[in-house]
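A.B. asks: Structure file protein09.pdb (PDB, C-alpha atoms and all ligand atoms) is given on the next line.
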ATOM      1  CA  MET A  11       5.111 -39.384   7.792
ATOM      2  CA  SER A  12       8.101 -38.274   9.827
ATOM      3  CA  THR A  13       8.145 -37.860  13.572
ATOM      4  CA  ALA A  14      11.475 -36.060  13.537
ATOM      5  CA  HIS A  15       9.861 -32.720  14.212
ATOM      6  CA  ALA A  16       9.464 -31.574  17.789
ATOM      7  CA  PRO A  17       5.822 -30.864  18.688
ATOM      8  CA  ALA A  18       6.328 -27.129  19.023
ATOM      9  CA  GLU A  19       8.123 -26.802  15.717
ATOM     10  CA  THR A  20       6.283 -25.027  12.979
ATOM     11  CA  PHE A  21       6.156 -26.452   9.524
ATOM     12  CA  PRO A  22       7.918 -24.507   6.834
ATOM     13  CA  VAL A  23       4.814 -23.543   4.894
ATOM     14  CA  GLU A  24       2.305 -21.905   7.195
ATOM     15  CA  VAL A  25      -1.373 -22.534   6.526
ATOM     16  CA  PRO A  26      -4.473 -21.037   8.164
ATOM     17  CA  PRO A  27      -5.488 -22.425  11.589
ATOM     18  CA  VAL A  28      -7.535 -25.637  11.434
ATOM     19  CA  GLY A  29     -10.604 -23.802  12.711
ATOM     20  CA  ASP A  30     -10.491 -21.558   9.671
ATOM     21  CA  MET A  31     -10.224 -24.411   7.186
ATOM     22  CA  SER A  32     -13.085 -26.455   5.813
ATOM     23  CA  GLU A  33     -12.999 -30.233   5.758
ATOM     24  CA  ALA A  34     -12.028 -30.061   2.079
ATOM     25  CA  GLN A  35      -9.171 -27.694   2.849
ATOM     26  CA  GLN A  36      -7.900 -29.923   5.635
ATOM     27  CA  CYS A  37      -7.724 -32.942   3.339
ATOM     28  CA  GLY A  38      -6.260 -31.042   0.423
ATOM     29  CA  ARG A  39      -9.310 -31.245  -1.826
ATOM     30  CA  SER A  40      -9.424 -27.480  -1.991
ATOM     31  CA  CYS A  41      -6.827 -24.737  -1.650
ATOM     32  CA  ALA A  42      -5.785 -24.079   1.966
ATOM     33  CA  TRP A  43      -6.036 -20.336   1.344
ATOM     34  CA  CYS A  44      -8.706 -19.532  -1.247
ATOM     35  CA  ASP A  45     -10.764 -22.758  -0.996
ATOM     36  CA  ARG A  46     -10.712 -23.256  -4.784
ATOM     37  CA  VAL A  47     -11.433 -26.894  -5.608
ATOM     38  CA  LEU A  48      -8.224 -28.671  -6.574
ATOM     39  CA  LEU A  49      -9.515 -31.990  -7.823
ATOM     40  CA  GLY A  50      -8.206 -32.568 -11.327
ATOM     41  CA  ARG A  51      -6.213 -29.332 -11.155
ATOM     42  CA  PRO A  52      -2.533 -28.702 -10.563
ATOM     43  CA  ALA A  53      -1.839 -28.160  -6.877
ATOM     44  CA  VAL A  54       1.137 -27.756  -4.602
ATOM     45  CA  ASP A  55       1.574 -30.112  -1.665
ATOM     46  CA  LEU A  56       2.250 -28.002   1.432
ATOM     47  CA  GLY A  57       3.381 -30.905   3.581
ATOM     48  CA  GLU A  58       1.158 -33.087   5.724
ATOM     49  CA  ARG A  59       1.214 -32.345   9.416
ATOM     50  CA  ASP A  60      -0.536 -33.067  12.695
ATOM     51  CA  ASP A  61      -2.511 -30.337  14.322
ATOM     52  CA  ALA A  62      -1.680 -30.578  18.020
ATOM     53  CA  GLU A  63      -4.831 -28.809  19.202
ATOM     54  CA  SER A  64      -7.443 -30.772  17.291
ATOM     55  CA  GLY A  65      -5.400 -33.971  16.966
ATOM     56  CA  ARG A  66      -6.238 -34.005  13.272
ATOM     57  CA  ARG A  67      -3.963 -35.018  10.472
ATOM     58  CA  LEU A  68      -3.843 -32.291   7.850
ATOM     59  CA  PHE A  69      -2.936 -32.655   4.195
ATOM     60  CA  PRO A  70      -2.937 -29.046   3.055
ATOM     61  CA  ARG A  71      -2.546 -28.261  -0.626
ATOM     62  CA  ALA A  72      -2.770 -25.007  -2.503
ATOM     63  CA  CYS A  73      -3.491 -23.669  -5.953
ATOM     64  CA  PRO A  74      -0.466 -22.302  -7.846
ATOM     65  CA  ASP A  75      -1.688 -18.682  -7.565
ATOM     66  CA  CYS A  76      -1.892 -18.743  -3.768
ATOM     67  CA  THR A  77       1.389 -20.624  -3.530
ATOM     68  CA  ARG A  78       3.191 -17.970  -5.533
ATOM     69  CA  ASP A  79       1.781 -15.146  -3.386
ATOM     70  CA  ARG A  80       1.749 -16.691   0.070
ATOM     71  CA  VAL A  81       4.851 -18.831  -0.005
ATOM     72  CA  TYR A  82       6.864 -16.035  -1.541
ATOM     73  CA  VAL A  83       5.965 -13.736   1.362
ATOM     74  CA  GLN A  84       6.742 -16.489   3.866
ATOM     75  CA  LEU A  85      10.094 -17.159   2.251
ATOM     76  CA  VAL A  86      11.077 -13.491   2.297
ATOM     77  CA  THR A  87       9.972 -13.174   5.934
ATOM     78  CA  HIS A  88      11.798 -16.353   6.895
ATOM     79  CA  THR A  89      15.034 -15.375   5.198
ATOM     80  CA  ALA A  90      15.048 -12.004   6.960
ATOM     81  CA  ARG A  91      14.679 -13.672  10.364
ATOM     82  CA  CYS A  92      16.648 -16.903  10.018
ATOM     83  CA  GLY A  93      20.238 -16.816  11.206
ATOM     84  CA  GLN A  94      21.275 -19.656   8.978
ATOM     85  CA  CYS A  95      19.672 -18.255   5.836
ATOM     86  CA  THR A  96      21.174 -14.813   6.255
ATOM     87  CA  ASP A  97      24.648 -16.315   6.280
ATOM     88  CA  ALA A  98      25.731 -16.051   2.687
ATOM     89  CA  GLY A  99      25.157 -19.102   0.581
ATOM     90  CA  THR A 100      23.568 -21.571   2.995
ATOM     91  CA  TYR A 101      19.892 -22.292   3.448
ATOM     92  CA  CYS A 102      18.260 -24.141   6.300
ATOM     93  CA  PRO A 103      15.840 -27.070   5.699
ATOM     94  CA  ASP A 104      12.795 -24.863   6.279
ATOM     95  CA  SER A 105      13.973 -22.528   3.576
ATOM     96  CA  ALA A 106      14.626 -25.421   1.224
ATOM     97  CA  GLU A 107      11.045 -26.608   1.706
ATOM     98  CA  LEU A 108       9.643 -23.110   1.116
ATOM     99  CA  ARG A 109      11.713 -22.845  -2.048
ATOM    100  CA  ARG A 110      10.504 -26.232  -3.220
ATOM    101  CA  ALA A 111       6.847 -25.242  -2.784
ATOM    102  CA  LEU A 112       7.404 -21.921  -4.480
ATOM    103  CA  ARG A 113       9.205 -23.523  -7.404
ATOM    104  CA  GLU A 114       6.364 -25.991  -7.795
ATOM    105  CA  GLY A 115       3.808 -23.166  -7.734
ATOM    106  CA  ARG A 116       5.656 -21.331 -10.470
ATOM    107  CA  ARG A 117       5.997 -24.428 -12.604
ATOM    108  CA  LEU A 118       2.309 -25.391 -12.481
TER     109      LEU A 118
HETATM  110 ZN    ZN A 201      -5.727 -20.745  -3.706
HETATM  111 ZN    ZN A 202      16.303 -20.467   7.351
END
Reformat the file's structure so that it appears as structure tokens.
C.D. replies:
Amino acid sequence: MSTAHAPAETFPVEVPPVGDMSEAQQCGRSCAWCDRVLLGRPAVDLGERDDAESGRRLFPRACPDCTRDRVYVQLVTHTARCGQCTDAGTYCPDSAELRRALREGRRL
């Protein structure tokens, strides 16, 4: 949707490499991590993105369980490394997106 990201930039929520994801996982029909079918079930949008290597457009989504586990770990890791987030009180956009996904996973 947005082309504001530089090609090398990673997206806030990290998902498995394209080669490790099934077609269903790449289009968000099943969880990007556990491959549980998401159709008709609550799911968290992990943010669509282009995969530079394969040239594919990915629409990864995840089940609430995986989101709570995986995104939580990513958020903790990010916060420990990010200069902006370790400054008291301010969060960078990546962190905001991780928090959004995590909040959604906890709500579902
Ligand atoms: Zn899952
Ligand atoms: Zn940050």
A.B. asks: Extract, using all atoms listed in the file, all DNA, RNA and protein residues at most 7 Å from stretch 30-38 of chain A, discarding same-chain residues fewer than 5 positions from it, and format them as an mmCIF file with C-alpha atoms, in the coordinates of the input.
C.D. replies:
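Now in selection24.cif:
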data_model
loop_
_atom_site.group_PDB
_atom_site.id
_atom_site.type_symbol
_atom_site.label_atom_id
_atom_site.label_comp_id
_atom_site.auth_asym_id
_atom_site.auth_seq_id
_atom_site.Cartn_x
_atom_site.Cartn_y
_atom_site.Cartn_z
ATOM 1 C CA ASP A 45 -10.764 -22.758 -0.996
ATOM 2 C CA LEU A 68 -3.843 -32.291 7.850
ATOM 3 C CA PHE A 69 -2.936 -32.655 4.195
ATOM 4 C CA PRO A 70 -2.937 -29.046 3.055
ATOM 5 C CA ARG A 71 -2.546 -28.261 -0.626
#
A.B. asks: Which chains and residue numbers are within 8 Å of ligand ZN 201 (chain A), counting only C-alpha atoms and all ligand atoms, if I want them as an NGL selection string?
C.D. replies: :A and (40-46 or 72-77)
A.B. asks: Return as a list in words the residues of protein, DNA or RNA that approach ligand ZN 202 (chain A) to within 12 Å, with all atoms listed in the file taken into account.
C.D. replies: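 Counting only what the definition allows, namely all atoms listed in the file, the set is Phe21, Pro22, Gln84, Leu85, Val86, Thr87, His88, Thr89, Ala90, Arg91, Cys92, Gly93, Gln94, Cys95, Thr96, Asp97, Ala98, Gly99, Thr100, Tyr101, Cys102, Pro103, Asp104, Ser105, Ala106, Glu107, Leu108 and Arg109 of chain A.
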A.B. asks: So, counting only C-alpha atoms, which residue among A:Leu118, A:Val25, A:Val81, A:Leu112 is closest to A:Arg51?
C.D. replies: A:Leu118
A.B. asks: Using all atoms listed in the file, find the one residue out of A:Arg39, A:Glu114, A:Tyr82, A:Pro27 that sits nearest to A:Val54.
C.D. replies: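 Closest to A:Val54, using all atoms listed in the file: A:Glu114.
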